[in-house]
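Participant: Dropping the structure in here first, questions after.
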There are 2 protein chains.
Amino acid sequence: MSAALTVNSYFDDKVKSVALENAEGVSTVGVMAIGEYEFGTSQKEYMTVVSGALTVMLPAENEWKIFAKGETFIVEANQRFQVKVSETTAYLCRYE
Amino acid sequence: MSAALTVNSYFDDKVKSVALENAEGVSTVGVMAIGEYEFGTSQKEYMTVVSGALTVMLPAENEWKIFAKGETFIVEANQRFQVKVSETTAYLCRYE
(Lines give C-alpha, C1' and ligand atoms only; values in the text may rest on other atoms or scores of the structure.)
Protein backbone atom coordinates (compact mmCIF):
# COMPACT_ATOMS: atom_id res chain seq x y z
CA MET A 1 0.00 0.00 0.00
CA SER A 2 1.17 3.51 -0.78
CA ALA A 3 2.03 5.57 2.26
CA ALA A 4 0.36 8.67 0.85
CA LEU A 5 -2.92 9.30 2.62
CA THR A 6 -5.82 10.74 0.64
CA VAL A 7 -7.81 13.66 2.05
CA ASN A 8 -11.27 14.29 0.64
CA SER A 9 -13.28 17.46 1.03
CA TYR A 10 -17.01 17.98 0.50
CA PHE A 11 -19.66 20.67 0.93
CA ASP A 12 -17.30 23.67 0.59
CA ASP A 13 -14.76 22.13 3.00
CA LYS A 14 -17.38 21.64 5.74
CA VAL A 15 -16.79 17.88 5.61
CA LYS A 16 -13.23 16.53 5.35
CA SER A 17 -12.00 12.98 5.64
CA VAL A 18 -8.88 10.84 5.41
CA ALA A 19 -9.11 7.44 3.71
CA LEU A 20 -7.67 4.23 5.12
CA GLU A 21 -7.58 0.52 4.37
CA ASN A 22 -6.73 -2.11 6.96
CA ALA A 23 -7.91 -5.47 8.36
CA GLU A 24 -11.34 -3.95 9.07
CA GLY A 25 -11.75 -2.98 5.40
CA VAL A 26 -11.91 0.34 3.55
CA SER A 27 -12.99 3.37 5.60
CA THR A 28 -12.74 7.09 5.92
CA VAL A 29 -12.36 8.98 9.17
CA GLY A 30 -13.39 12.59 9.10
CA VAL A 31 -15.07 15.64 10.54
CA MET A 32 -18.37 17.36 9.76
CA ALA A 33 -18.68 21.04 10.66
CA ILE A 34 -21.99 22.37 11.97
CA GLY A 35 -24.57 22.29 9.18
CA GLU A 36 -27.02 20.13 7.27
CA TYR A 37 -25.93 17.68 4.60
CA GLU A 38 -27.40 15.16 2.21
CA PHE A 39 -25.18 12.22 1.37
CA GLY A 40 -25.55 9.53 -1.27
CA THR A 41 -24.04 6.06 -0.93
CA SER A 42 -22.42 4.00 -3.66
CA GLN A 43 -21.62 1.13 -1.28
CA LYS A 44 -23.12 -0.04 2.00
CA GLU A 45 -21.85 2.30 4.74
CA TYR A 46 -21.38 1.74 8.45
CA MET A 47 -21.22 5.22 10.00
CA THR A 48 -19.94 5.44 13.58
CA VAL A 49 -19.84 8.65 15.61
CA VAL A 50 -16.31 9.08 17.02
CA SER A 51 -16.84 12.43 18.81
CA GLY A 52 -19.94 14.62 18.89
CA ALA A 53 -23.35 13.55 17.59
CA LEU A 54 -25.26 13.24 14.31
CA THR A 55 -29.00 13.70 13.82
CA VAL A 56 -29.91 11.48 10.89
CA MET A 57 -32.89 10.87 8.61
CA LEU A 58 -32.25 7.42 7.24
CA PRO A 59 -33.68 6.26 3.90
CA ALA A 60 -37.31 5.18 4.17
CA GLU A 61 -37.57 6.63 7.69
CA ASN A 62 -39.76 9.58 8.59
CA GLU A 63 -38.21 10.59 11.91
CA TRP A 64 -34.86 12.12 12.76
CA LYS A 65 -32.72 9.91 15.03
CA ILE A 66 -29.78 11.07 17.13
CA PHE A 67 -26.59 9.00 17.09
CA ALA A 68 -24.17 9.75 19.93
CA LYS A 69 -20.48 8.97 20.35
CA GLY A 70 -19.84 5.26 19.78
CA GLU A 71 -23.15 4.64 18.02
CA THR A 72 -23.39 3.31 14.45
CA PHE A 73 -25.99 3.53 11.72
CA ILE A 74 -26.00 1.55 8.49
CA VAL A 75 -27.02 2.80 5.04
CA GLU A 76 -27.39 0.43 2.10
CA ALA A 77 -25.76 1.17 -1.29
CA ASN A 78 -27.38 3.67 -3.66
CA GLN A 79 -29.40 5.45 -0.99
CA ARG A 80 -29.61 9.06 0.11
CA PHE A 81 -29.72 10.21 3.73
CA GLN A 82 -29.81 13.55 5.55
CA VAL A 83 -27.61 14.59 8.43
CA LYS A 84 -27.96 17.55 10.80
CA VAL A 85 -24.81 18.47 12.72
CA SER A 86 -25.30 20.75 15.72
CA GLU A 87 -21.75 20.39 17.06
CA THR A 88 -18.63 19.62 15.05
CA THR A 89 -18.51 15.83 14.83
CA ALA A 90 -15.90 13.20 14.00
CA TYR A 91 -17.00 9.98 12.32
CA LEU A 92 -15.70 6.69 10.96
CA CYS A 93 -17.36 5.51 7.74
CA ARG A 94 -16.64 1.90 6.78
CA TYR A 95 -17.57 0.75 3.28
CA GLU A 96 -18.65 -2.76 2.41
CA MET B 1 -16.70 28.80 14.96
CA SER B 2 -15.48 28.93 11.38
CA ALA B 3 -16.80 26.19 9.16
CA ALA B 4 -13.40 25.69 7.52
CA LEU B 5 -11.81 22.48 8.79
CA THR B 6 -8.05 22.32 9.24
CA VAL B 7 -6.09 19.37 7.88
CA ASN B 8 -2.63 18.73 9.30
CA SER B 9 0.03 16.54 7.78
CA TYR B 10 3.14 15.07 9.41
CA PHE B 11 5.96 12.67 8.62
CA ASP B 12 5.94 13.20 4.83
CA ASP B 13 2.14 12.85 4.68
CA LYS B 14 2.21 9.48 6.45
CA VAL B 15 0.09 10.95 9.26
CA LYS B 16 -2.84 13.23 8.41
CA SER B 17 -5.53 14.60 10.69
CA VAL B 18 -8.55 16.89 10.74
CA ALA B 19 -9.06 19.19 13.74
CA LEU B 20 -12.34 19.62 15.59
CA GLU B 21 -13.74 21.36 18.63
CA ASN B 22 -16.99 20.34 20.30
CA ALA B 23 -18.53 19.62 23.71
CA GLU B 24 -15.86 16.98 24.33
CA GLY B 25 -13.09 19.56 23.83
CA VAL B 26 -10.39 20.05 21.20
CA SER B 27 -9.36 16.97 19.23
CA THR B 28 -7.94 15.74 15.99
CA VAL B 29 -9.12 12.66 14.14
CA GLY B 30 -6.67 11.18 11.70
CA VAL B 31 -4.88 8.31 10.06
CA MET B 32 -1.36 6.90 10.47
CA ALA B 33 0.09 4.95 7.56
CA ILE B 34 2.26 1.89 8.24
CA GLY B 35 5.52 3.03 9.81
CA GLU B 36 7.26 4.10 13.01
CA TYR B 37 6.83 7.54 14.50
CA GLU B 38 7.98 9.58 17.47
CA PHE B 39 5.52 12.18 18.71
CA GLY B 40 5.95 14.98 21.20
CA THR B 41 3.11 16.42 23.25
CA SER B 42 2.54 20.05 24.14
CA GLN B 43 -0.69 19.27 26.02
CA LYS B 44 -2.02 16.18 27.76
CA GLU B 45 -3.29 13.82 25.05
CA TYR B 46 -5.93 11.10 25.16
CA MET B 47 -5.26 8.87 22.16
CA THR B 48 -8.01 6.44 21.17
CA VAL B 49 -7.69 3.87 18.40
CA VAL B 50 -10.69 4.23 16.06
CA SER B 51 -9.75 1.52 13.52
CA GLY B 52 -6.63 -0.65 13.41
CA ALA B 53 -4.06 -0.86 16.21
CA LEU B 54 -1.09 1.05 17.62
CA THR B 55 1.96 -0.42 19.31
CA VAL B 56 3.15 2.22 21.72
CA MET B 57 6.18 2.89 23.92
CA LEU B 58 4.85 5.33 26.48
CA PRO B 59 7.15 7.79 28.30
CA ALA B 60 8.99 6.17 31.21
CA GLU B 61 7.91 2.69 30.08
CA ASN B 62 10.29 0.04 28.81
CA GLU B 63 7.87 -2.27 27.04
CA TRP B 64 5.81 -1.86 23.89
CA LYS B 65 2.06 -2.10 24.49
CA ILE B 66 -0.58 -2.80 21.85
CA PHE B 67 -3.72 -0.65 21.80
CA ALA B 68 -6.59 -2.10 19.78
CA LYS B 69 -9.73 -0.47 18.38
CA GLY B 70 -11.59 1.36 21.13
CA GLU B 71 -8.65 1.45 23.53
CA THR B 72 -7.15 4.70 24.84
CA PHE B 73 -3.74 5.69 26.16
CA ILE B 74 -2.86 8.96 27.87
CA VAL B 75 0.32 10.99 27.49
CA GLU B 76 1.08 13.96 29.72
CA ALA B 77 2.19 17.32 28.28
CA ASN B 78 5.79 17.80 27.14
CA GLN B 79 6.54 14.13 26.73
CA ARG B 80 7.77 12.07 23.83
CA PHE B 81 6.39 8.67 22.85
CA GLN B 82 7.03 6.12 20.08
CA VAL B 83 4.39 4.46 17.93
CA LYS B 84 4.73 1.46 15.59
CA VAL B 85 1.94 1.08 13.06
CA SER B 86 1.70 -2.32 11.35
CA GLU B 87 -1.65 -1.66 9.66
CA THR B 88 -3.04 1.71 8.60
CA THR B 89 -4.80 3.06 11.70
CA ALA B 90 -7.37 5.73 12.47
CA TYR B 91 -7.19 7.55 15.80
CA LEU B 92 -8.88 10.26 17.84
CA CYS B 93 -6.53 12.50 19.82
CA ARG B 94 -8.20 14.68 22.44
CA TYR B 95 -6.15 17.50 23.99
CA GLU B 96 -6.60 18.73 27.52
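Ligands are numbered from 1 in the order shown, chains are lettered A, B, ... in the order of the C-alpha coordinates, and residues start at 1 in each chain.
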Please report as an MDAnalysis selection string which residues of chain B come no farther than 10 Å from chain A, using only C-alpha atoms.

Facilitator: chainID B and resid 1:7 9 12:25 27:35 48 50:53 70 86:92 94

Participant: Within 12 Å of Phe73 of chain A, counting only C-alpha atoms, which residues qualify if same-chain residues fewer than 6 places away don't, as a PyMOL selection string?

Facilitator: chain A and resi 44-49+53-59+65-67+81+83+91-94

Participant: Hey, can you spit out that residue selection with N, CA, C and O atoms as a short mmCIF file (atom, residue, chain, number, x, y, z; two decimals), in the first residue's frame?

Facilitator:
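Final file, out-v4.cif:
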```
data_model
loop_
_atom_site.label_atom_id
_atom_site.label_comp_id
_atom_site.auth_asym_id
_atom_site.auth_seq_id
_atom_site.Cartn_x
_atom_site.Cartn_y
_atom_site.Cartn_z
N LYS A 44 -22.53 0.00 0.66
CA LYS A 44 -23.12 -0.04 2.00
C LYS A 44 -22.15 0.66 2.96
O LYS A 44 -20.94 0.45 2.91
N GLU A 45 -22.69 1.52 3.82
CA GLU A 45 -21.85 2.30 4.74
C GLU A 45 -22.23 2.03 6.19
O GLU A 45 -23.41 2.00 6.53
N TYR A 46 -21.22 1.84 7.00
CA TYR A 46 -21.38 1.74 8.45
C TYR A 46 -20.80 3.03 9.05
O TYR A 46 -19.58 3.21 9.05
N MET A 47 -21.67 3.91 9.51
CA MET A 47 -21.22 5.22 10.00
C MET A 47 -21.24 5.20 11.53
O MET A 47 -22.28 4.99 12.15
N THR A 48 -20.08 5.44 12.12
CA THR A 48 -19.94 5.44 13.58
C THR A 48 -19.52 6.83 14.05
O THR A 48 -18.57 7.41 13.49
N VAL A 49 -20.21 7.35 15.04
CA VAL A 49 -19.84 8.65 15.61
C VAL A 49 -18.63 8.46 16.53
O VAL A 49 -18.67 7.65 17.46
N ALA A 53 -22.08 14.23 17.81
CA ALA A 53 -23.35 13.55 17.59
C ALA A 53 -23.87 13.91 16.21
O ALA A 53 -23.60 14.99 15.68
N LEU A 54 -24.62 12.99 15.61
CA LEU A 54 -25.26 13.24 14.31
C LEU A 54 -26.76 12.98 14.44
O LEU A 54 -27.18 11.99 15.03
N THR A 55 -27.56 13.88 13.89
CA THR A 55 -29.00 13.70 13.82
C THR A 55 -29.31 13.29 12.38
O THR A 55 -28.99 14.03 11.44
N VAL A 56 -29.89 12.11 12.21
CA VAL A 56 -29.91 11.48 10.89
C VAL A 56 -31.35 11.11 10.49
O VAL A 56 -32.11 10.58 11.29
N MET A 57 -31.67 11.39 9.23
CA MET A 57 -32.89 10.87 8.61
C MET A 57 -32.46 9.78 7.65
O MET A 57 -31.93 10.04 6.56
N LEU A 58 -32.67 8.55 8.06
CA LEU A 58 -32.25 7.42 7.24
C LEU A 58 -33.22 7.21 6.09
O LEU A 58 -34.37 7.64 6.15
N PRO A 59 -32.78 6.52 5.02
CA PRO A 59 -33.68 6.26 3.90
C PRO A 59 -34.91 5.51 4.38
O PRO A 59 -34.80 4.61 5.22
N LYS A 65 -33.25 10.69 13.90
CA LYS A 65 -32.72 9.91 15.03
C LYS A 65 -31.35 10.46 15.38
O LYS A 65 -30.55 10.76 14.50
N ILE A 66 -31.07 10.55 16.68
CA ILE A 66 -29.78 11.07 17.13
C ILE A 66 -28.83 9.90 17.40
O ILE A 66 -29.19 8.95 18.09
N PHE A 67 -27.63 9.99 16.83
CA PHE A 67 -26.59 9.00 17.09
C PHE A 67 -25.46 9.69 17.85
O PHE A 67 -24.89 10.66 17.39
N PHE A 81 -29.31 9.96 2.35
CA PHE A 81 -29.72 10.21 3.73
C PHE A 81 -29.29 11.61 4.14
O PHE A 81 -28.34 12.17 3.60
N VAL A 83 -28.29 14.47 7.15
CA VAL A 83 -27.61 14.59 8.43
C VAL A 83 -27.66 16.03 8.89
O VAL A 83 -27.34 16.94 8.12
N TYR A 91 -16.33 11.24 12.67
CA TYR A 91 -17.00 9.98 12.32
C TYR A 91 -16.02 9.02 11.66
O TYR A 91 -15.00 9.42 11.09
N LEU A 92 -16.36 7.73 11.74
CA LEU A 92 -15.70 6.69 10.96
C LEU A 92 -16.73 6.11 10.02
O LEU A 92 -17.82 5.70 10.47
N CYS A 93 -16.45 6.09 8.73
CA CYS A 93 -17.36 5.51 7.74
C CYS A 93 -16.67 4.31 7.11
O CYS A 93 -15.67 4.46 6.41
N ARG A 94 -17.22 3.12 7.37
CA ARG A 94 -16.64 1.90 6.78
C ARG A 94 -17.51 1.46 5.61
O ARG A 94 -18.74 1.45 5.72
#
```

Participant: Using atom CA of Glu76 of chain A and atom CA of Thr41 of chain A as the two end points, give the distance in Å to one decimal.

Facilitator: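 Atom CA of Thr41 of chain A lies at a distance of 7.2 Å from atom CA of Glu76 of chain A.
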
Participant: So how many Å separate atom CA of Glu38 of chain A and atom CA of Lys84 of chain A, to one decimal?

Facilitator: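 Separation between atom CA of Glu38 of chain A and atom CA of Lys84 of chain A: 8.9 Å.
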